[in-house]
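Engineer: File follows, protein_1.pdb with PDB, C-alpha atoms and all ligand atoms:
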```
MODEL        1
ATOM      1  CA  MET A1484     -15.989 -15.061   5.789  1.00  0.00           C
ATOM      2  CA  GLU A1485     -13.578 -17.677   7.123  1.00  0.00           C
ATOM      3  CA  SER A1486     -11.434 -16.469   9.990  1.00  0.00           C
ATOM      4  CA  ILE A1487      -8.733 -14.135   8.697  1.00  0.00           C
ATOM      5  CA  THR A1488      -5.608 -13.215  10.618  1.00  0.00           C
ATOM      6  CA  ILE A1489      -3.030 -10.603   9.697  1.00  0.00           C
ATOM      7  CA  ARG A1490       0.685 -11.091  10.236  1.00  0.00           C
ATOM      8  CA  GLU A1491       4.010  -9.672   9.063  1.00  0.00           C
ATOM      9  CA  VAL A1492       5.428 -11.084   5.830  1.00  0.00           C
ATOM     10  CA  GLN A1493       8.556 -13.220   6.309  1.00  0.00           C
ATOM     11  CA  PRO A1494      11.237 -13.762   3.619  1.00  0.00           C
ATOM     12  CA  GLU A1495       9.991 -17.317   3.034  1.00  0.00           C
ATOM     13  CA  ASP A1496       6.503 -15.937   2.216  1.00  0.00           C
ATOM     14  CA  LEU A1497       7.652 -13.859  -0.752  1.00  0.00           C
ATOM     15  CA  ASN A1498       6.924 -16.371  -3.517  1.00  0.00           C
ATOM     16  CA  GLU A1499       3.400 -16.904  -2.179  1.00  0.00           C
ATOM     17  CA  VAL A1500       2.909 -13.141  -1.826  1.00  0.00           C
ATOM     18  CA  ALA A1501       4.084 -12.656  -5.424  1.00  0.00           C
ATOM     19  CA  ARG A1502       1.590 -15.296  -6.569  1.00  0.00           C
ATOM     20  CA  VAL A1503      -1.290 -13.550  -4.758  1.00  0.00           C
ATOM     21  CA  ASN A1504      -0.347 -10.297  -6.499  1.00  0.00           C
ATOM     22  CA  GLU A1505      -0.006 -12.000  -9.870  1.00  0.00           C
ATOM     23  CA  LEU A1506      -3.501 -13.464  -9.590  1.00  0.00           C
ATOM     24  CA  ALA A1507      -5.004 -10.187  -8.314  1.00  0.00           C
ATOM     25  CA  PHE A1508      -3.354  -7.914 -10.898  1.00  0.00           C
ATOM     26  CA  ASN A1509      -2.924 -10.407 -13.731  1.00  0.00           C
ATOM     27  CA  SER A1510       0.683  -9.248 -13.940  1.00  0.00           C
ATOM     28  CA  ASP A1511       4.000 -10.276 -12.385  1.00  0.00           C
ATOM     29  CA  VAL A1512       5.285  -6.697 -11.997  1.00  0.00           C
ATOM     30  CA  GLU A1513       3.923  -6.265  -8.457  1.00  0.00           C
ATOM     31  CA  GLY A1514       5.563  -9.482  -7.228  1.00  0.00           C
ATOM     32  CA  GLN A1515       8.931  -8.405  -8.629  1.00  0.00           C
ATOM     33  CA  LEU A1516       8.545  -5.009  -6.992  1.00  0.00           C
ATOM     34  CA  ILE A1517       7.647  -6.561  -3.620  1.00  0.00           C
ATOM     35  CA  LYS A1518      10.694  -8.869  -3.730  1.00  0.00           C
ATOM     36  CA  LEU A1519      13.018  -5.997  -4.647  1.00  0.00           C
ATOM     37  CA  LEU A1520      11.625  -3.740  -1.899  1.00  0.00           C
ATOM     38  CA  HIS A1521      12.070  -6.532   0.658  1.00  0.00           C
ATOM     39  CA  ALA A1522      15.612  -7.286  -0.558  1.00  0.00           C
ATOM     40  CA  ARG A1523      16.594  -3.633  -0.183  1.00  0.00           C
ATOM     41  CA  GLY A1524      15.019  -3.062   3.209  1.00  0.00           C
ATOM     42  CA  LYS A1525      12.351  -0.748   1.799  1.00  0.00           C
ATOM     43  CA  ALA A1526       9.326  -2.856   2.720  1.00  0.00           C
ATOM     44  CA  ILE A1527       8.672  -0.811   5.847  1.00  0.00           C
ATOM     45  CA  ILE A1528       5.355  -2.532   6.553  1.00  0.00           C
ATOM     46  CA  SER A1529       4.448  -5.719   4.682  1.00  0.00           C
ATOM     47  CA  LEU A1530       1.461  -7.698   5.933  1.00  0.00           C
ATOM     48  CA  ALA A1531      -0.171 -10.934   4.877  1.00  0.00           C
ATOM     49  CA  ALA A1532      -3.812 -11.859   5.392  1.00  0.00           C
ATOM     50  CA  MET A1533      -3.989 -15.553   6.293  1.00  0.00           C
ATOM     51  CA  SER A1534      -6.861 -17.977   5.871  1.00  0.00           C
ATOM     52  CA  GLU A1535      -6.332 -21.587   6.955  1.00  0.00           C
ATOM     53  CA  GLY A1536      -2.554 -21.262   6.676  1.00  0.00           C
ATOM     54  CA  ARG A1537      -2.699 -19.762   3.201  1.00  0.00           C
ATOM     55  CA  ILE A1538      -1.842 -16.176   2.169  1.00  0.00           C
ATOM     56  CA  VAL A1539      -4.972 -14.658   0.621  1.00  0.00           C
ATOM     57  CA  GLY A1540      -4.090 -10.955   0.705  1.00  0.00           C
ATOM     58  CA  HIS A1541      -1.112  -8.642   1.048  1.00  0.00           C
ATOM     59  CA  ILE A1542      -0.325  -4.964   1.639  1.00  0.00           C
ATOM     60  CA  LEU A1543       2.966  -3.100   1.522  1.00  0.00           C
ATOM     61  CA  PHE A1544       4.131   0.383   2.548  1.00  0.00           C
ATOM     62  CA  SER A1545       7.454   1.834   1.302  1.00  0.00           C
ATOM     63  CA  PRO A1546       9.189   5.190   1.821  1.00  0.00           C
ATOM     64  CA  VAL A1547       8.116   8.256  -0.131  1.00  0.00           C
ATOM     65  CA  SER A1548      10.225  11.393  -0.567  1.00  0.00           C
ATOM     66  CA  PHE A1549       9.260  14.836  -1.782  1.00  0.00           C
ATOM     67  CA  SER A1550      10.464  17.217  -4.455  1.00  0.00           C
ATOM     68  CA  PRO A1551      11.421  19.759  -3.221  1.00  0.00           C
ATOM     69  CA  PRO A1552      12.608  17.820  -0.152  1.00  0.00           C
ATOM     70  CA  GLN A1553      10.507  18.060   3.008  1.00  0.00           C
ATOM     71  CA  PRO A1554      12.925  16.813   5.678  1.00  0.00           C
ATOM     72  CA  GLY A1555      10.339  17.324   8.426  1.00  0.00           C
ATOM     73  CA  ILE A1556       7.803  14.916   6.936  1.00  0.00           C
ATOM     74  CA  ARG A1557       7.954  11.107   7.306  1.00  0.00           C
ATOM     75  CA  ALA A1558       5.839   9.606   4.536  1.00  0.00           C
ATOM     76  CA  LEU A1559       5.041   6.162   3.162  1.00  0.00           C
ATOM     77  CA  GLY A1560       3.377   4.959  -0.022  1.00  0.00           C
ATOM     78  CA  LEU A1561       0.752   2.222   0.124  1.00  0.00           C
ATOM     79  CA  ALA A1562       1.448  -0.112  -2.815  1.00  0.00           C
ATOM     80  CA  PRO A1563       0.602  -2.691  -3.735  1.00  0.00           C
ATOM     81  CA  LEU A1564      -2.565  -4.005  -2.066  1.00  0.00           C
ATOM     82  CA  ALA A1565      -3.887  -7.303  -3.396  1.00  0.00           C
ATOM     83  CA  VAL A1566      -6.484  -9.891  -2.448  1.00  0.00           C
ATOM     84  CA  LEU A1567      -6.867 -13.253  -4.209  1.00  0.00           C
ATOM     85  CA  PRO A1568      -9.793 -12.987  -6.660  1.00  0.00           C
ATOM     86  CA  GLU A1569     -11.879 -15.644  -4.879  1.00  0.00           C
ATOM     87  CA  TYR A1570     -11.439 -13.804  -1.567  1.00  0.00           C
ATOM     88  CA  GLN A1571     -12.287 -10.302  -2.818  1.00  0.00           C
ATOM     89  CA  ASN A1572     -15.238  -8.286  -1.507  1.00  0.00           C
ATOM     90  CA  GLN A1573     -15.143 -10.066   1.844  1.00  0.00           C
ATOM     91  CA  GLY A1574     -13.460  -7.287   3.829  1.00  0.00           C
ATOM     92  CA  ILE A1575      -9.868  -8.546   3.567  1.00  0.00           C
ATOM     93  CA  GLY A1576      -8.520  -5.443   1.794  1.00  0.00           C
ATOM     94  CA  THR A1577     -10.241  -3.382   4.473  1.00  0.00           C
ATOM     95  CA  LEU A1578      -8.633  -5.406   7.287  1.00  0.00           C
ATOM     96  CA  LEU A1579      -5.186  -5.081   5.683  1.00  0.00           C
ATOM     97  CA  SER A1580      -5.596  -1.336   5.115  1.00  0.00           C
ATOM     98  CA  HIS A1581      -6.787  -0.646   8.678  1.00  0.00           C
ATOM     99  CA  GLU A1582      -4.027  -2.716  10.244  1.00  0.00           C
ATOM    100  CA  GLY A1583      -1.400  -1.219   7.920  1.00  0.00           C
ATOM    101  CA  LEU A1584      -2.460   2.338   8.703  1.00  0.00           C
ATOM    102  CA  ARG A1585      -2.555   1.534  12.436  1.00  0.00           C
ATOM    103  CA  LEU A1586       1.070   0.359  12.224  1.00  0.00           C
ATOM    104  CA  CYS A1587       2.035   3.460  10.196  1.00  0.00           C
ATOM    105  CA  ARG A1588       0.573   5.633  12.974  1.00  0.00           C
ATOM    106  CA  SER A1589       2.224   3.710  15.777  1.00  0.00           C
ATOM    107  CA  GLY A1590       5.534   3.828  13.876  1.00  0.00           C
ATOM    108  CA  GLY A1591       5.400   7.635  13.857  1.00  0.00           C
ATOM    109  CA  TRP A1592       4.756   7.981  10.115  1.00  0.00           C
ATOM    110  CA  GLN A1593       2.917  11.230   9.407  1.00  0.00           C
ATOM    111  CA  VAL A1594       1.616  10.813   5.856  1.00  0.00           C
ATOM    112  CA  VAL A1595       0.582   7.942   3.598  1.00  0.00           C
ATOM    113  CA  VAL A1596      -0.051   8.342  -0.121  1.00  0.00           C
ATOM    114  CA  VAL A1597      -1.726   5.914  -2.489  1.00  0.00           C
ATOM    115  CA  LEU A1598      -2.321   5.752  -6.229  1.00  0.00           C
ATOM    116  CA  GLY A1599      -5.438   3.657  -6.586  1.00  0.00           C
ATOM    117  CA  HIS A1600      -9.174   3.317  -6.965  1.00  0.00           C
ATOM    118  CA  PRO A1601     -10.742   6.693  -6.010  1.00  0.00           C
ATOM    119  CA  ASP A1602     -13.900   4.833  -4.853  1.00  0.00           C
ATOM    120  CA  TYR A1603     -12.011   2.531  -2.487  1.00  0.00           C
ATOM    121  CA  TYR A1604      -9.449   4.443  -0.426  1.00  0.00           C
ATOM    122  CA  PRO A1605     -11.558   7.382   0.882  1.00  0.00           C
ATOM    123  CA  ARG A1606     -13.231   4.899   3.299  1.00  0.00           C
ATOM    124  CA  PHE A1607      -9.902   4.795   5.171  1.00  0.00           C
ATOM    125  CA  GLY A1608      -9.604   8.587   5.315  1.00  0.00           C
ATOM    126  CA  PHE A1609      -7.653   9.214   2.115  1.00  0.00           C
ATOM    127  CA  GLN A1610      -8.455  12.435   0.240  1.00  0.00           C
ATOM    128  CA  PRO A1611      -7.340  13.608  -3.191  1.00  0.00           C
ATOM    129  CA  ALA A1612      -3.704  14.605  -2.669  1.00  0.00           C
ATOM    130  CA  SER A1613      -4.343  17.781  -4.640  1.00  0.00           C
ATOM    131  CA  VAL A1614      -6.324  19.004  -1.589  1.00  0.00           C
ATOM    132  CA  PHE A1615      -2.951  19.186   0.171  1.00  0.00           C
ATOM    133  CA  GLY A1616      -1.025  20.670  -2.762  1.00  0.00           C
ATOM    134  CA  LEU A1617       0.632  17.312  -3.273  1.00  0.00           C
ATOM    135  CA  GLY A1618       1.424  16.169  -6.798  1.00  0.00           C
ATOM    136  CA  ASN A1619       2.679  12.869  -8.193  1.00  0.00           C
ATOM    137  CA  GLU A1620       5.017  11.642 -10.907  1.00  0.00           C
ATOM    138  CA  TYR A1621       2.394   9.616 -12.765  1.00  0.00           C
ATOM    139  CA  GLY A1622       0.137  12.389 -14.035  1.00  0.00           C
ATOM    140  CA  ALA A1623      -2.706  10.946 -11.925  1.00  0.00           C
ATOM    141  CA  ASP A1624      -5.510  13.196 -10.723  1.00  0.00           C
ATOM    142  CA  GLU A1625      -8.166  11.955  -8.273  1.00  0.00           C
ATOM    143  CA  ALA A1626      -6.542   8.502  -8.191  1.00  0.00           C
ATOM    144  CA  PHE A1627      -3.610   9.955  -6.253  1.00  0.00           C
ATOM    145  CA  MET A1628      -4.638  10.318  -2.617  1.00  0.00           C
ATOM    146  CA  ALA A1629      -3.100  11.114   0.750  1.00  0.00           C
ATOM    147  CA  ILE A1630      -3.953  10.812   4.412  1.00  0.00           C
ATOM    148  CA  GLU A1631      -2.469  12.911   7.188  1.00  0.00           C
ATOM    149  CA  LEU A1632      -1.729  10.647  10.153  1.00  0.00           C
ATOM    150  CA  GLN A1633      -0.556  13.796  11.911  1.00  0.00           C
ATOM    151  CA  PRO A1634      -3.286  16.360  11.223  1.00  0.00           C
ATOM    152  CA  GLY A1635      -2.000  19.553   9.618  1.00  0.00           C
ATOM    153  CA  ILE A1636       1.394  18.108   8.613  1.00  0.00           C
ATOM    154  CA  LEU A1637       0.690  18.838   4.933  1.00  0.00           C
ATOM    155  CA  ASP A1638      -0.535  22.411   5.514  1.00  0.00           C
ATOM    156  CA  CYS A1639       0.883  24.858   2.977  1.00  0.00           C
ATOM    157  CA  LEU A1640       2.755  22.133   1.118  1.00  0.00           C
ATOM    158  CA  ALA A1641       3.563  22.448  -2.580  1.00  0.00           C
ATOM    159  CA  ALA A1642       5.531  19.376  -3.539  1.00  0.00           C
ATOM    160  CA  VAL A1643       5.576  16.219  -5.614  1.00  0.00           C
ATOM    161  CA  ALA A1644       5.572  12.863  -3.817  1.00  0.00           C
ATOM    162  CA  CYS A1645       8.155  10.419  -5.178  1.00  0.00           C
ATOM    163  CA  TYR A1646       7.976   6.669  -4.615  1.00  0.00           C
ATOM    164  CA  CYS A1647      11.337   4.982  -4.112  1.00  0.00           C
ATOM    165  CA  SER A1648      13.504   4.273  -7.163  1.00  0.00           C
ATOM    166  CA  GLU A1649      12.537   0.566  -7.239  1.00  0.00           C
ATOM    167  CA  PHE A1650       9.125   1.495  -8.706  1.00  0.00           C
ATOM    168  CA  LYS A1651      10.785   2.984 -11.805  1.00  0.00           C
ATOM    169  CA  GLU A1652      13.389   0.232 -11.910  1.00  0.00           C
ATOM    170  CA  ILE A1653      10.651  -2.428 -12.152  1.00  0.00           C
ATOM    171  CA  GLY A1654       8.367  -0.293 -14.328  1.00  0.00           C
ATOM    172  CA  ALA A1655       5.554  -0.140 -11.763  1.00  0.00           C
TER
HETATM  173  C1  LIG A1701      -9.007  -3.625  -4.584  1.00  0.00           C
HETATM  174  C2  LIG A1701      -8.874  -4.779  -3.585  1.00  0.00           C
HETATM  175  C3  LIG A1701      -7.520  -4.752  -2.896  1.00  0.00           C
HETATM  176  C4  LIG A1701      -9.980  -4.623  -2.536  1.00  0.00           C
HETATM  177  O1  LIG A1701      -9.864  -5.651  -1.583  1.00  0.00           O
HETATM  178  P1  LIG A1701     -11.174  -6.472  -1.154  1.00  0.00           P
HETATM  179  O2  LIG A1701     -10.797  -7.362  -0.030  1.00  0.00           O
HETATM  180  O3  LIG A1701     -11.749  -7.104  -2.368  1.00  0.00           O
HETATM  181  O4  LIG A1701     -12.129  -5.277  -0.683  1.00  0.00           O
HETATM  182  P2  LIG A1701     -13.030  -5.196   0.620  1.00  0.00           P
HETATM  183  O5  LIG A1701     -13.821  -6.448   0.744  1.00  0.00           O
HETATM  184  O6  LIG A1701     -12.238  -4.752   1.767  1.00  0.00           O
HETATM  185  O7  LIG A1701     -13.965  -3.999   0.246  1.00  0.00           O
HETATM  186  C5  LIG A1701     -14.996  -4.217  -0.676  1.00  0.00           C
HETATM  187  C6  LIG A1701     -15.289  -2.906  -1.344  1.00  0.00           C
HETATM  188  O8  LIG A1701     -14.222  -2.616  -2.235  1.00  0.00           O
HETATM  189  C7  LIG A1701     -14.777  -2.233  -3.466  1.00  0.00           C
HETATM  190  N1  LIG A1701     -13.830  -2.592  -4.521  1.00  0.00           N
HETATM  191  C8  LIG A1701     -13.317  -3.803  -4.792  1.00  0.00           C
HETATM  192  N2  LIG A1701     -12.538  -3.719  -5.892  1.00  0.00           N
HETATM  193  C9  LIG A1701     -12.597  -2.433  -6.297  1.00  0.00           C
HETATM  194  C10 LIG A1701     -12.044  -1.739  -7.396  1.00  0.00           C
HETATM  195  N3  LIG A1701     -11.272  -2.357  -8.291  1.00  0.00           N
HETATM  196  N4  LIG A1701     -12.306  -0.407  -7.507  1.00  0.00           N
HETATM  197  C11 LIG A1701     -13.085   0.219  -6.601  1.00  0.00           C
HETATM  198  N5  LIG A1701     -13.666  -0.401  -5.554  1.00  0.00           N
HETATM  199  C12 LIG A1701     -13.418  -1.719  -5.426  1.00  0.00           C
HETATM  200  C13 LIG A1701     -16.031  -3.054  -3.572  1.00  0.00           C
HETATM  201  O9  LIG A1701     -16.912  -2.457  -4.489  1.00  0.00           O
HETATM  202  C14 LIG A1701     -16.576  -2.947  -2.151  1.00  0.00           C
HETATM  203  O10 LIG A1701     -17.228  -1.717  -1.979  1.00  0.00           O
HETATM  204  P3  LIG A1701     -18.440  -1.545  -0.945  1.00  0.00           P
HETATM  205  O11 LIG A1701     -17.886  -1.864   0.416  1.00  0.00           O
HETATM  206  O12 LIG A1701     -18.803  -0.095  -1.094  1.00  0.00           O
HETATM  207  O13 LIG A1701     -19.482  -2.512  -1.384  1.00  0.00           O
HETATM  208  C15 LIG A1701      -9.053  -6.165  -4.291  1.00  0.00           C
HETATM  209  O14 LIG A1701     -10.324  -6.178  -4.913  1.00  0.00           O
HETATM  210  C16 LIG A1701      -7.973  -6.480  -5.287  1.00  0.00           C
HETATM  211  O15 LIG A1701      -6.970  -7.138  -4.957  1.00  0.00           O
HETATM  212  N6  LIG A1701      -8.171  -6.068  -6.559  1.00  0.00           N
HETATM  213  C17 LIG A1701      -7.222  -6.358  -7.620  1.00  0.00           C
HETATM  214  C18 LIG A1701      -5.906  -5.628  -7.399  1.00  0.00           C
HETATM  215  C19 LIG A1701      -6.108  -4.146  -7.166  1.00  0.00           C
HETATM  216  O16 LIG A1701      -6.814  -3.479  -7.927  1.00  0.00           O
HETATM  217  N7  LIG A1701      -5.457  -3.645  -6.091  1.00  0.00           N
HETATM  218  C20 LIG A1701      -5.581  -2.271  -5.657  1.00  0.00           C
HETATM  219  C21 LIG A1701      -4.720  -1.389  -6.467  1.00  0.00           C
HETATM  220  S1  LIG A1701      -5.045   0.276  -6.024  1.00  0.00           S
ENDMDL
END
```
Output the file's structure in the form of structure tokens.

Structural biologist:
Amino acid sequence: MESITIREVQPEDLNEVARVNELAFNSDVEGQLIKLLHARGKAIISLAAMSEGRIVGHILFSPVSFSPPQPGIRALGLAPLAVLPEYQNQGIGTLLSHEGLRLCRSGGWQVVVVLGHPDYYPRFGFQPASVFGLGNEYGADEAFMAIELQPGILDCLAAVACYCSEFKEIGA
């Protein structure tokens, strides 16, 4: 693999980030969502994977709330994660996920949820969210996962995790 570096996304990167997502997902919904989250200050962590000055991968974390509210829990949702098709399966998604989760931890976030491939995210420590009594608004089962960055924080929880309103607004 060529040398990959990870850095924070800047406003001037957003068109390139949207393009990476469009090519990875074959859809422009993710790019619109990313731009809206950035515009509204909800892109809490947004990282680009760089190869030779080009953005080849991207990951974003945005706030998640709970129903019923859990004011003691600071949670983020990982979405989206995308790697350019020609750069996939070279460890770039793994680098982005590890660095993103490291920044979540150091930022004092206690929980991260993800709705994604059940074969991919467990390698980072995600478990089915149902293990924690945590539901989702999408009717997903094992594809909805969570990781406790503060062990035990989800003990005895019975709640639904809600991504921020921009996801519904964009139709993501
Ligand atoms: C999913 C994705 C982000 C992974 O990034 P990546 O850089 O290709 O992955 P890595 O090189 O870090 O890891 C490779 C592993 O991911 C697995 N993987 C790749 N795509 C996968 C998929 N769609 N479902 C499940 N596992 C997948 C590979 O099988 C490989 O597994 P192995 O290590 O056991 O052999 C990337 O393939 C992508 O952008 N896909 C299209 C968009 C997408 O589906 N995003 C995630 C939404 S949840």

Engineer: Of the candidates A:Leu1506, A:Met1628, A:Leu1497, A:Val1643, which one gets nearest to A:Ser1548 if we count only C-alpha atoms?

Structural biologist: A:Val1643

Engineer: Selection in question (the file shown): the PyMOL selection byres (((chain A and resi 1494) around 9) and not hetatm). Which residues does it include, as a list in words?

Structural biologist: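 That selection, the PyMOL selection byres (((chain A and resi 1494) around 9) and not hetatm), comes back as Val1492, Gln1493, Glu1495, Asp1496, Leu1497, Asn1498, Lys1518, His1521 and Ala1522 of chain A.
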
Engineer: Mind working out the centre and edge lengths of an axis-aligned box for stretch 1617-1625 of chain A, all listed atoms inside, 6 Å added to each side, rounded to one decimal in Å and written as lines of an AutoDock Vina configuration file?

Structural biologist:
```
center_x = -1.6
center_y = 13.5
center_z = -8.7
size_x = 25.2
size_y = 19.7
size_z = 22.8
```

Engineer: Between atom CA of A:Ser1648 and atom CA of A:Leu1530, what is the spacing in Å?

Structural biologist: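 Going from atom CA of A:Leu1530 over to atom CA of A:Ser1648, I get 21.4 Å.
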
Engineer: For each of A:Asn1619, A:Gln1515, A:Ser1486, A:Ser1580, take the minimum atom-to-atom distance to A:Val1566, counting all atoms listed in the file, then give the residue where this is smallest.

Structural biologist: A:Ser1580

Engineer: Translate the PyMOL selection byres (((not hetatm)) within 9 of (chain A and resi 1701)), as applied to the file shown, into an explicit residue set as a ChimeraX atom specification.

Structural biologist: /A:1503-1504,1506-1509,1540-1542,1561-1580,1597-1604,1606,1626

Engineer: Could you work out how far atom CA of A:Ala1558 lies from atom CA of A:Arg1523, giving the answer in Å with one decimal?

Structural biologist: 17.7 Å

Engineer: From the list A:Glu1620, A:Glu1625, A:Arg1557, A:Phe1607, which residue is nearest A:Gln1593 when using only C-alpha atoms?

Structural biologist: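 Looking only at the distances to A:Gln1593, the closest residue turns out to be A:Arg1557.
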
Engineer: From the options A:Gly1536, A:Gly1560, A:Pro1552, A:Gly1583, which residue's atoms come nearest to A:Glu1491, counting all atoms listed in the file?

Structural biologist: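 Result for the nearest residue to A:Glu1491: A:Gly1583.
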
Engineer: What separation in Å, quoted to one decimal, exists between atom CA of A:Val1512 and atom CA of A:Ile1653?

Structural biologist: 6.9 Å

Engineer: If I put a ball of radius 9 Å at (-5.8, -18.9, 11.7) in the file's coordinates, which residues poke into it when counting all atoms listed in the file, written as a PDB file with C-alpha atoms, keeping the file's coordinate frame?

Structural biologist:
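See selection_9.pdb below for the written result:
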```
ATOM      1  CA  SER A1486     -11.434 -16.469   9.990  1.00  0.00           C
ATOM      2  CA  ILE A1487      -8.733 -14.135   8.697  1.00  0.00           C
ATOM      3  CA  THR A1488      -5.608 -13.215  10.618  1.00  0.00           C
ATOM      4  CA  ILE A1489      -3.030 -10.603   9.697  1.00  0.00           C
ATOM      5  CA  MET A1533      -3.989 -15.553   6.293  1.00  0.00           C
ATOM      6  CA  SER A1534      -6.861 -17.977   5.871  1.00  0.00           C
ATOM      7  CA  GLU A1535      -6.332 -21.587   6.955  1.00  0.00           C
ATOM      8  CA  GLY A1536      -2.554 -21.262   6.676  1.00  0.00           C
TER       9      GLY A1536
END
```

Engineer: Might you pull out every residue within 8 Å of A:Pro1546, with all atoms listed in the file counted and same-chain residues fewer than 3 positions away left off, and present them as a list in words?

Structural biologist: Lys1525, Ile1527, Ala1558, Leu1559, Gly1560, Tyr1646 and Cys1647 of chain A

Engineer: Point out the residue among A:Leu1520, A:Leu1584, A:Val1594, A:Ala1531 with the least atom-to-atom distance to A:Gly1635, counting only C-alpha atoms.

Structural biologist: A:Val1594

Engineer: Find the residues with any atom within 7 Å of (8.9, 19.2, -2.0); use all atoms listed in the file and the coordinates as given in the file, and write the answer as a count of residues only.

Structural biologist: 8

Engineer: Which neighbours of A:Phe1615 fall inside 12 Å, counting all atoms listed in the file, when residues of the same chain fewer than 3 positions from it are skipped, and could you give them as a list in words?

Structural biologist: Val1594, Val1596, Phe1609, Gln1610, Pro1611, Ala1612, Gly1618, Asn1619, Phe1627, Met1628, Ala1629, Ile1630, Glu1631, Pro1634, Gly1635, Ile1636, Leu1637, Asp1638, Cys1639, Leu1640, Ala1641, Ala1642, Val1643 and Ala1644 of chain A

Engineer: Let me make sure I understand: among A:Ser1613, A:Gln1633, A:Ser1545, A:Ser1589, which one has the smallest atom-to-atom distance to A:Glu1649 if we use all atoms listed in the file?

Structural biologist: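 Between A:Ser1613, A:Gln1633, A:Ser1545, A:Ser1589, the residue approaching A:Glu1649 most closely is A:Ser1545.
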